[in-house]
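Novice: My structure file start-v3.txt, compact mmCIF, C-alpha atoms, is below:
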```txt
# COMPACT_ATOMS: atom_id res chain seq x y z
CA MET A 1 -50.93 79.46 22.92
CA ASN A 2 -50.33 79.11 26.62
CA PHE A 3 -47.61 76.51 26.86
CA LEU A 4 -48.55 75.88 30.48
CA SER A 5 -51.89 74.31 29.54
CA MET A 6 -50.07 71.24 28.25
CA PHE A 7 -48.61 70.55 31.67
CA LYS A 8 -50.86 72.08 34.29
CA CYS A 9 -52.63 68.78 35.04
CA THR A 10 -49.49 66.66 35.32
CA SER A 11 -48.84 64.94 38.65
CA ASN A 12 -45.12 64.67 37.83
CA THR A 13 -43.81 67.89 39.34
CA GLU A 14 -40.74 69.00 41.32
CA ASN A 15 -40.68 71.69 43.99
CA TYR A 16 -37.74 74.03 44.60
CA ARG A 17 -37.36 76.46 47.49
CA ALA A 18 -36.43 80.10 46.76
CA GLY A 19 -32.65 80.32 46.43
CA SER A 20 -32.08 76.71 45.46
CA THR A 21 -30.27 75.68 42.29
CA ILE A 22 -32.37 73.85 39.70
CA ILE A 23 -29.77 73.53 36.93
CA LYS A 24 -26.02 74.00 37.21
CA GLU A 25 -23.97 75.51 34.34
CA GLY A 26 -21.56 72.94 32.88
CA ALA A 27 -23.47 69.92 34.20
CA HIS A 28 -24.83 67.24 31.91
CA GLY A 29 -28.60 66.95 31.90
CA LYS A 30 -31.31 65.31 29.88
CA VAL A 31 -34.38 67.10 31.15
CA MET A 32 -36.00 70.48 30.60
CA TYR A 33 -38.65 72.06 32.81
CA ALA A 34 -41.94 73.88 32.32
CA ILE A 35 -42.46 76.43 35.11
CA LEU A 36 -45.90 75.83 36.70
CA ASP A 37 -45.36 78.24 39.62
CA GLY A 38 -42.63 80.71 40.53
CA ASP A 39 -39.79 82.65 38.93
CA VAL A 40 -36.39 81.30 37.89
CA GLU A 41 -33.24 83.35 37.27
CA LEU A 42 -30.78 82.24 34.58
CA ARG A 43 -27.12 83.08 35.21
CA ILE A 44 -23.97 82.61 33.14
CA GLY A 45 -21.08 82.62 35.58
CA ASP A 46 -22.17 85.26 38.10
CA LYS A 47 -24.00 87.32 35.49
CA PRO A 48 -27.82 87.31 35.65
CA ILE A 49 -29.18 86.85 32.12
CA GLU A 50 -32.93 86.83 32.61
CA VAL A 51 -35.78 85.90 34.92
CA VAL A 52 -38.04 83.22 33.43
CA THR A 53 -41.61 83.27 34.69
CA VAL A 54 -44.54 80.89 35.02
CA GLY A 55 -45.72 79.33 31.74
CA ASN A 56 -42.24 79.25 30.23
CA VAL A 57 -39.45 76.68 29.99
CA ILE A 58 -35.84 76.32 31.14
CA GLY A 59 -33.14 73.78 30.33
CA GLU A 60 -34.18 73.17 26.73
CA MET A 61 -30.68 73.73 25.31
CA ALA A 62 -29.23 70.48 26.68
CA LEU A 63 -32.05 68.49 25.04
CA ILE A 64 -31.53 70.18 21.69
CA ASP A 65 -27.77 69.77 21.31
CA ALA A 66 -26.70 67.38 24.13
CA HIS A 67 -23.97 69.80 25.28
CA PRO A 68 -23.39 70.65 28.96
CA ARG A 69 -25.83 73.11 30.55
CA SER A 70 -25.22 76.61 29.18
CA ALA A 71 -26.48 78.45 32.28
CA THR A 72 -27.31 78.04 35.95
CA ALA A 73 -30.99 78.27 36.90
CA VAL A 74 -31.85 79.41 40.43
CA ALA A 75 -35.33 79.59 41.98
CA VAL A 76 -36.07 83.26 42.77
CA THR A 77 -39.30 82.31 44.56
CA ASP A 78 -40.58 78.89 45.63
CA CYS A 79 -41.12 77.04 42.35
CA ARG A 80 -43.13 74.12 41.02
CA LEU A 81 -41.75 72.66 37.81
CA ALA A 82 -42.87 69.93 35.39
CA PRO A 83 -39.87 67.97 34.10
CA ILE A 84 -39.89 67.08 30.39
CA SER A 85 -37.66 64.15 29.48
CA GLU A 86 -35.74 63.85 26.20
CA LYS A 87 -38.26 61.23 25.02
CA GLN A 88 -41.20 63.53 25.82
CA PHE A 89 -39.39 66.44 24.15
CA LEU A 90 -38.85 64.50 20.90
CA LEU A 91 -42.48 63.30 20.95
CA LEU A 92 -43.67 66.90 21.40
CA VAL A 93 -41.51 68.06 18.49
CA GLN A 94 -42.85 65.23 16.33
CA GLU A 95 -46.51 65.59 17.16
CA THR A 96 -46.99 69.22 18.18
CA PRO A 97 -45.61 71.76 15.68
CA PHE A 98 -46.65 74.67 17.91
CA PHE A 99 -44.39 73.26 20.65
CA SER A 100 -41.47 73.39 18.17
CA LEU A 101 -42.35 76.97 17.24
CA TYR A 102 -42.64 77.84 20.92
CA VAL A 103 -39.15 76.47 21.68
CA MET A 104 -37.73 78.30 18.64
CA ARG A 105 -39.30 81.54 19.89
CA VAL A 106 -37.79 81.03 23.37
CA LEU A 107 -34.34 80.56 21.82
CA ALA A 108 -34.78 83.49 19.42
CA GLU A 109 -35.84 85.76 22.29
CA ARG A 110 -32.78 84.72 24.34
CA LEU A 111 -30.53 85.31 21.33
CA ARG A 112 -31.93 88.82 20.87
CA LYS A 113 -31.33 89.53 24.57
CA MET A 114 -27.74 88.28 24.27
CA ASP A 115 -27.25 90.43 21.14
CA ALA A 116 -28.47 93.48 23.08
CA MET A 117 -26.18 92.69 26.04
CA LEU A 118 -23.18 92.24 23.76
CA THR A 119 -23.93 95.51 21.96
CA ALA A 120 -24.30 97.32 25.30
CA GLU A 121 -21.01 95.86 26.60
CA ASN A 122 -19.23 97.00 23.43
CA GLN A 123 -20.64 100.50 23.79
CA ASP A 124 -19.65 100.62 27.48
CA GLY A 125 -16.14 99.50 26.55
CA ALA A 126 -15.84 101.92 23.61
CA MET B 127 -29.22 64.78 8.25
CA ASN B 128 -27.82 67.04 5.60
CA PHE B 129 -30.25 69.93 5.52
CA LEU B 130 -29.02 70.85 2.05
CA SER B 131 -30.53 67.72 0.48
CA MET B 132 -34.01 69.20 0.92
CA PHE B 133 -33.14 72.15 -1.31
CA LYS B 134 -30.36 71.12 -3.65
CA CYS B 135 -32.76 70.42 -6.54
CA THR B 136 -34.77 73.63 -6.24
CA SER B 137 -34.77 75.96 -9.23
CA ASN B 138 -35.74 78.90 -7.02
CA THR B 139 -32.32 80.25 -6.08
CA GLU B 140 -30.69 83.66 -5.63
CA ASN B 141 -27.08 84.53 -6.39
CA TYR B 142 -25.00 87.04 -4.42
CA ARG B 143 -21.54 88.31 -5.33
CA ALA B 144 -18.78 88.25 -2.70
CA GLY B 145 -19.08 91.39 -0.58
CA SER B 146 -22.77 91.99 -1.21
CA THR B 147 -25.32 92.28 1.59
CA ILE B 148 -27.95 89.55 1.73
CA ILE B 149 -29.77 90.62 4.90
CA LYS B 150 -29.57 93.98 6.67
CA GLU B 151 -29.78 94.24 10.48
CA GLY B 152 -32.93 96.07 11.55
CA ALA B 153 -34.80 95.46 8.29
CA HIS B 154 -38.10 93.63 8.16
CA GLY B 155 -38.02 90.36 6.27
CA LYS B 156 -40.16 87.32 5.77
CA VAL B 157 -37.70 84.93 4.20
CA MET B 158 -34.84 82.74 5.40
CA TYR B 159 -32.18 81.17 3.19
CA ALA B 160 -30.51 77.78 2.84
CA ILE B 161 -26.91 78.21 1.65
CA LEU B 162 -26.38 76.01 -1.43
CA ASP B 163 -22.95 77.42 -2.31
CA GLY B 164 -20.60 79.87 -0.61
CA ASP B 165 -19.91 81.36 2.81
CA VAL B 166 -21.87 84.08 4.59
CA GLU B 167 -20.66 86.25 7.47
CA LEU B 168 -23.13 87.37 10.14
CA ARG B 169 -22.42 90.74 11.77
CA ILE B 170 -24.10 92.64 14.59
CA GLY B 171 -23.21 96.29 14.12
CA ASP B 172 -19.61 96.07 12.89
CA LYS B 173 -18.86 92.96 14.94
CA PRO B 174 -18.44 89.68 13.03
CA ILE B 175 -20.39 86.95 14.86
CA GLU B 176 -19.83 83.87 12.71
CA VAL B 177 -19.29 82.56 9.21
CA VAL B 178 -22.13 80.32 8.07
CA THR B 179 -21.19 77.74 5.45
CA VAL B 180 -22.85 75.66 2.76
CA GLY B 181 -25.64 73.37 4.00
CA ASN B 182 -26.74 75.76 6.72
CA VAL B 183 -29.36 78.49 7.05
CA ILE B 184 -29.46 82.24 7.70
CA GLY B 185 -32.32 84.63 8.44
CA GLU B 186 -34.46 82.17 10.40
CA MET B 187 -34.96 84.52 13.38
CA ALA B 188 -37.29 86.90 11.54
CA LEU B 189 -39.56 84.00 10.57
CA ILE B 190 -39.69 82.67 14.11
CA ASP B 191 -40.56 85.86 15.97
CA ALA B 192 -41.44 88.43 13.27
CA HIS B 193 -39.03 91.00 14.76
CA PRO B 194 -36.62 93.06 12.62
CA ARG B 195 -33.49 91.26 11.40
CA SER B 196 -31.09 90.64 14.30
CA ALA B 197 -27.91 90.66 12.20
CA THR B 198 -26.48 91.66 8.84
CA ALA B 199 -25.50 88.83 6.50
CA VAL B 200 -22.77 89.51 3.93
CA ALA B 201 -21.56 87.13 1.20
CA VAL B 202 -17.90 86.28 1.92
CA THR B 203 -17.60 84.39 -1.37
CA ASP B 204 -19.99 84.26 -4.33
CA CYS B 205 -23.10 82.58 -2.94
CA ARG B 206 -26.11 80.65 -4.20
CA LEU B 207 -29.02 80.61 -1.78
CA ALA B 208 -32.45 78.95 -1.71
CA PRO B 209 -35.05 81.32 -0.22
CA ILE B 210 -37.56 79.73 2.20
CA SER B 211 -40.78 81.74 2.60
CA GLU B 212 -42.76 81.98 5.84
CA LYS B 213 -45.39 79.62 4.38
CA GLN B 214 -42.72 77.05 3.44
CA PHE B 215 -41.11 77.44 6.86
CA LEU B 216 -44.39 76.74 8.69
CA LEU B 217 -45.07 73.76 6.42
CA LEU B 218 -41.60 72.37 7.14
CA VAL B 219 -42.15 72.77 10.90
CA GLN B 220 -45.53 71.04 10.62
CA GLU B 221 -44.47 68.15 8.44
CA THR B 222 -40.76 67.65 9.09
CA PRO B 223 -39.83 67.33 12.78
CA PHE B 224 -36.13 66.99 11.93
CA PHE B 225 -36.29 70.44 10.28
CA SER B 226 -37.61 71.86 13.57
CA LEU B 227 -34.83 70.13 15.49
CA TYR B 228 -32.30 71.42 12.97
CA VAL B 229 -33.48 75.04 13.40
CA MET B 230 -33.42 74.62 17.20
CA ARG B 231 -29.84 73.34 16.97
CA VAL B 232 -28.80 76.31 14.82
CA LEU B 233 -30.26 78.70 17.40
CA ALA B 234 -28.76 76.78 20.34
CA GLU B 235 -25.33 76.81 18.70
CA ARG B 236 -25.56 80.58 18.11
CA LEU B 237 -26.67 81.11 21.72
CA ARG B 238 -23.67 79.15 23.00
CA LYS B 239 -21.36 81.24 20.79
CA MET B 240 -22.92 84.44 22.14
CA ASP B 241 -22.54 83.12 25.72
CA ALA B 242 -18.85 82.48 25.05
CA MET B 243 -18.36 85.94 23.52
CA LEU B 244 -20.10 87.62 26.45
CA THR B 245 -18.02 85.64 28.95
CA ALA B 246 -14.81 86.54 27.07
CA GLU B 247 -15.77 90.23 26.96
CA ASN B 248 -16.43 90.22 30.71
CA GLN B 249 -13.07 88.58 31.36
CA ASP B 250 -11.31 91.10 29.10
CA GLY B 251 -13.06 93.91 30.94
CA ALA B 252 -12.35 92.49 34.41
```
Written as structure tokens, that's how I'd like the structure from this file.

Specialist:
Amino acid sequence: MNFLSMFKCTSNTENYRAGSTIIKEGAHGKVMYAILDGDVELRIGDKPIEVVTVGNVIGEMALIDAHPRSATAVAVTDCRLAPISEKQFLLLVQETPFFSLYVMRVLAERLRKMDAMLTAENQDGA
Amino acid sequence: MNFLSMFKCTSNTENYRAGSTIIKEGAHGKVMYAILDGDVELRIGDKPIEVVTVGNVIGEMALIDAHPRSATAVAVTDCRLAPISEKQFLLLVQETPFFSLYVMRVLAERLRKMDAMLTAENQDGA
């Protein structure tokens, strides 16, 4: 499923210029974003973690567990994003099982990337 | 919600002795487990990642993204586990939104732990 199709007709969008910060690590936030156009880099501290591309989401962690933002998100190119509020998120989870599976897959993929980074760091340090 | 309550009456359980391996990193698997009794340690390579306790789940990653197991799971104490098949997992996601939210929270919590470990390793190495 292309996640983007759920949001591509929305008029509620936000634009970010290349280089601008969309989400700041440590901040409190109650919105996630679907990327309609552009690329977004996730960073923890100064460390780039991954580039998230069109059709994917950022900022979902703060909606899931209500903790401060786990990473900073910076627009790599000019970006157009569709904000998804906590209420919308819970409605999507309730009514759209494939959305839940999609979010789980995003988290699982990020976990596998973190596992690989941690393993690589341990090998470098060995 | 106590996740355990969904499984505590099941007769389909598996027992593992302390020290035995429940899941092996890199293996293919199509089952996750709810921990009904005991503690389970997750390891990536030789590195302990976390101890998962009664009322929680292990092995969910392989059901979400069908990749090989991301970690090894070893029984710290004698354990009783309720296996959840892929079919049951998909049914739970479809019919029980709080199960989806629970799995997302498990993954988000593990991601935050990995973030913290990676940050600590970078600081140690700095």

Novice: Closest to Ser196 of chain B among B:Glu140, B:Arg231, B:Asn182, B:Lys150, using all atoms listed in the file?

Specialist: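 Checking each candidate against Ser196 of chain B, we get B:Lys150 as the closest.
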
Novice: Choose the residue, out of A:Gln123, A:Gln88, A:Thr13, A:Gln94, that has the smallest atom-to-atom separation from chain B; count all atoms listed in the file.

Specialist: A:Gln94

Novice: Counting all atoms listed in the file, which residues of chain B come no farther than 8 Å from chain A, as a list of chain:residue names?

Specialist: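 Close to chain A, chain B has B:Ile170, B:Gly171, B:Met187, B:Ile190, B:Asp191, B:Ser196, B:Val219, B:Gln220, B:Thr222, B:Pro223, B:Ser226, B:Leu227, B:Val229, B:Met230, B:Arg231, B:Leu233, B:Ala234, B:Glu235, B:Arg236, B:Leu237, B:Arg238, B:Met240, B:Asp241, B:Met243, B:Leu244, B:Thr245, B:Glu247, B:Gly251.
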
Novice: Output C-alpha atoms for every residue in that selection, as a short mmCIF file (atom, residue, chain, number, x, y, z; two decimals), in the coordinates of the input.

Specialist:
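New file result-v6.cif:
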```
data_model
loop_
_atom_site.label_atom_id
_atom_site.label_comp_id
_atom_site.auth_asym_id
_atom_site.auth_seq_id
_atom_site.Cartn_x
_atom_site.Cartn_y
_atom_site.Cartn_z
CA ILE B 170 -24.10 92.64 14.59
CA GLY B 171 -23.21 96.29 14.12
CA MET B 187 -34.96 84.52 13.38
CA ILE B 190 -39.69 82.67 14.11
CA ASP B 191 -40.56 85.86 15.97
CA SER B 196 -31.09 90.64 14.30
CA VAL B 219 -42.15 72.77 10.90
CA GLN B 220 -45.53 71.04 10.62
CA THR B 222 -40.76 67.65 9.09
CA PRO B 223 -39.83 67.33 12.78
CA SER B 226 -37.61 71.86 13.57
CA LEU B 227 -34.83 70.13 15.49
CA VAL B 229 -33.48 75.04 13.40
CA MET B 230 -33.42 74.62 17.20
CA ARG B 231 -29.84 73.34 16.97
CA LEU B 233 -30.26 78.70 17.40
CA ALA B 234 -28.76 76.78 20.34
CA GLU B 235 -25.33 76.81 18.70
CA ARG B 236 -25.56 80.58 18.11
CA LEU B 237 -26.67 81.11 21.72
CA ARG B 238 -23.67 79.15 23.00
CA MET B 240 -22.92 84.44 22.14
CA ASP B 241 -22.54 83.12 25.72
CA MET B 243 -18.36 85.94 23.52
CA LEU B 244 -20.10 87.62 26.45
CA THR B 245 -18.02 85.64 28.95
CA GLU B 247 -15.77 90.23 26.96
CA GLY B 251 -13.06 93.91 30.94
#
```

Novice: For each of A:Tyr16, A:His28, A:Ala75, A:Ser11, take the minimum atom-to-atom distance to Leu42 of chain A, counting only C-alpha atoms, then give the residue where this is smallest.

Specialist: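 Looking at the shortest contact to Leu42 of chain A, the residue is A:Ala75.
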
Novice: Which polymer residues have any atom within 6 Å of an atom of segment 160-166 of chain B, counting only C-alpha atoms, with same-chain residues fewer than 5 positions away left out, as an MDAnalysis selection string?

Specialist: chainID B and resid 177:183 200:208

Novice: Report the distance between atom CA of Glu167 of chain B and atom CA of Thr198 of chain B in Å, rounded to one decimal place.

Specialist: 8.1 Å

Novice: Any idea what the distance is between atom CA of Arg169 of chain B and atom CA of Ser146 of chain B?

Specialist: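 Those two atoms sit 13.0 Å apart.
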
Novice: Would you mind reading off the distance between atom CA of Pro209 of chain B and atom CA of Gly155 of chain B, one decimal, in Å?

Specialist: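 We find that atom CA of Pro209 of chain B and atom CA of Gly155 of chain B lie 11.5 Å from each other.
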
Novice: Please complete segment 132-153 of chain B with N, CA and C atoms and give it back as a PDB file, in the frame of the given file.

Specialist:
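As written to disk, result36.pdb reads:
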```pdb
ATOM      1  N   MET B 132     -32.617  68.805   1.131  1.00  0.00           N
ATOM      2  CA  MET B 132     -34.010  69.200   0.920  1.00  0.00           C
ATOM      3  C   MET B 132     -34.141  70.280  -0.154  1.00  0.00           C
ATOM      4  N   PHE B 133     -33.053  70.978  -0.433  1.00  0.00           N
ATOM      5  CA  PHE B 133     -33.140  72.150  -1.310  1.00  0.00           C
ATOM      6  C   PHE B 133     -32.238  72.093  -2.527  1.00  0.00           C
ATOM      7  N   LYS B 134     -31.390  71.066  -2.611  1.00  0.00           N
ATOM      8  CA  LYS B 134     -30.360  71.120  -3.650  1.00  0.00           C
ATOM      9  C   LYS B 134     -30.922  71.029  -5.070  1.00  0.00           C
ATOM     10  N   CYS B 135     -32.172  70.532  -5.197  1.00  0.00           N
ATOM     11  CA  CYS B 135     -32.760  70.420  -6.540  1.00  0.00           C
ATOM     12  C   CYS B 135     -33.703  71.572  -6.876  1.00  0.00           C
ATOM     13  N   THR B 136     -33.841  72.520  -5.970  1.00  0.00           N
ATOM     14  CA  THR B 136     -34.770  73.630  -6.240  1.00  0.00           C
ATOM     15  C   THR B 136     -34.242  74.504  -7.378  1.00  0.00           C
ATOM     16  N   SER B 137     -35.178  75.023  -8.172  1.00  0.00           N
ATOM     17  CA  SER B 137     -34.770  75.960  -9.230  1.00  0.00           C
ATOM     18  C   SER B 137     -34.903  77.398  -8.733  1.00  0.00           C
ATOM     19  N   ASN B 138     -35.537  77.560  -7.575  1.00  0.00           N
ATOM     20  CA  ASN B 138     -35.740  78.900  -7.020  1.00  0.00           C
ATOM     21  C   ASN B 138     -34.527  79.281  -6.161  1.00  0.00           C
ATOM     22  N   THR B 139     -33.534  79.876  -6.811  1.00  0.00           N
ATOM     23  CA  THR B 139     -32.320  80.250  -6.080  1.00  0.00           C
ATOM     24  C   THR B 139     -31.970  81.719  -6.335  1.00  0.00           C
ATOM     25  N   GLU B 140     -31.168  82.279  -5.468  1.00  0.00           N
ATOM     26  CA  GLU B 140     -30.690  83.660  -5.630  1.00  0.00           C
ATOM     27  C   GLU B 140     -29.165  83.654  -5.549  1.00  0.00           C
ATOM     28  N   ASN B 141     -28.538  84.446  -6.387  1.00  0.00           N
ATOM     29  CA  ASN B 141     -27.080  84.530  -6.390  1.00  0.00           C
ATOM     30  C   ASN B 141     -26.616  85.865  -5.823  1.00  0.00           C
ATOM     31  N   TYR B 142     -25.579  85.816  -5.006  1.00  0.00           N
ATOM     32  CA  TYR B 142     -25.000  87.040  -4.420  1.00  0.00           C
ATOM     33  C   TYR B 142     -23.494  87.029  -4.672  1.00  0.00           C
ATOM     34  N   ARG B 143     -22.984  88.149  -5.120  1.00  0.00           N
ATOM     35  CA  ARG B 143     -21.540  88.310  -5.330  1.00  0.00           C
ATOM     36  C   ARG B 143     -20.839  88.493  -3.982  1.00  0.00           C
ATOM     37  N   ALA B 144     -19.591  88.037  -3.906  1.00  0.00           N
ATOM     38  CA  ALA B 144     -18.780  88.250  -2.700  1.00  0.00           C
ATOM     39  C   ALA B 144     -18.805  89.725  -2.323  1.00  0.00           C
ATOM     40  N   GLY B 145     -19.066  90.006  -1.062  1.00  0.00           N
ATOM     41  CA  GLY B 145     -19.080  91.390  -0.580  1.00  0.00           C
ATOM     42  C   GLY B 145     -20.455  92.007  -0.541  1.00  0.00           C
ATOM     43  N   SER B 146     -21.427  91.381  -1.188  1.00  0.00           N
ATOM     44  CA  SER B 146     -22.770  91.990  -1.210  1.00  0.00           C
ATOM     45  C   SER B 146     -23.568  91.602   0.034  1.00  0.00           C
ATOM     46  N   THR B 147     -24.501  92.486   0.389  1.00  0.00           N
ATOM     47  CA  THR B 147     -25.320  92.280   1.590  1.00  0.00           C
ATOM     48  C   THR B 147     -26.568  91.488   1.237  1.00  0.00           C
ATOM     49  N   ILE B 148     -26.786  90.411   1.972  1.00  0.00           N
ATOM     50  CA  ILE B 148     -27.950  89.550   1.730  1.00  0.00           C
ATOM     51  C   ILE B 148     -29.104  89.963   2.641  1.00  0.00           C
ATOM     52  N   ILE B 149     -28.771  90.228   3.895  1.00  0.00           N
ATOM     53  CA  ILE B 149     -29.770  90.620   4.900  1.00  0.00           C
ATOM     54  C   ILE B 149     -29.194  91.811   5.659  1.00  0.00           C
ATOM     55  N   LYS B 150     -30.042  92.787   5.961  1.00  0.00           N
ATOM     56  CA  LYS B 150     -29.570  93.980   6.670  1.00  0.00           C
ATOM     57  C   LYS B 150     -30.194  94.036   8.067  1.00  0.00           C
ATOM     58  N   GLU B 151     -29.331  94.137   9.082  1.00  0.00           N
ATOM     59  CA  GLU B 151     -29.780  94.240  10.480  1.00  0.00           C
ATOM     60  C   GLU B 151     -30.821  95.353  10.603  1.00  0.00           C
ATOM     61  N   GLY B 152     -31.909  95.061  11.316  1.00  0.00           N
ATOM     62  CA  GLY B 152     -32.930  96.070  11.550  1.00  0.00           C
ATOM     63  C   GLY B 152     -34.038  96.091  10.508  1.00  0.00           C
ATOM     64  N   ALA B 153     -33.783  95.485   9.345  1.00  0.00           N
ATOM     65  CA  ALA B 153     -34.800  95.460   8.290  1.00  0.00           C
ATOM     66  C   ALA B 153     -35.898  94.460   8.642  1.00  0.00           C
TER      67      ALA B 153
END
```
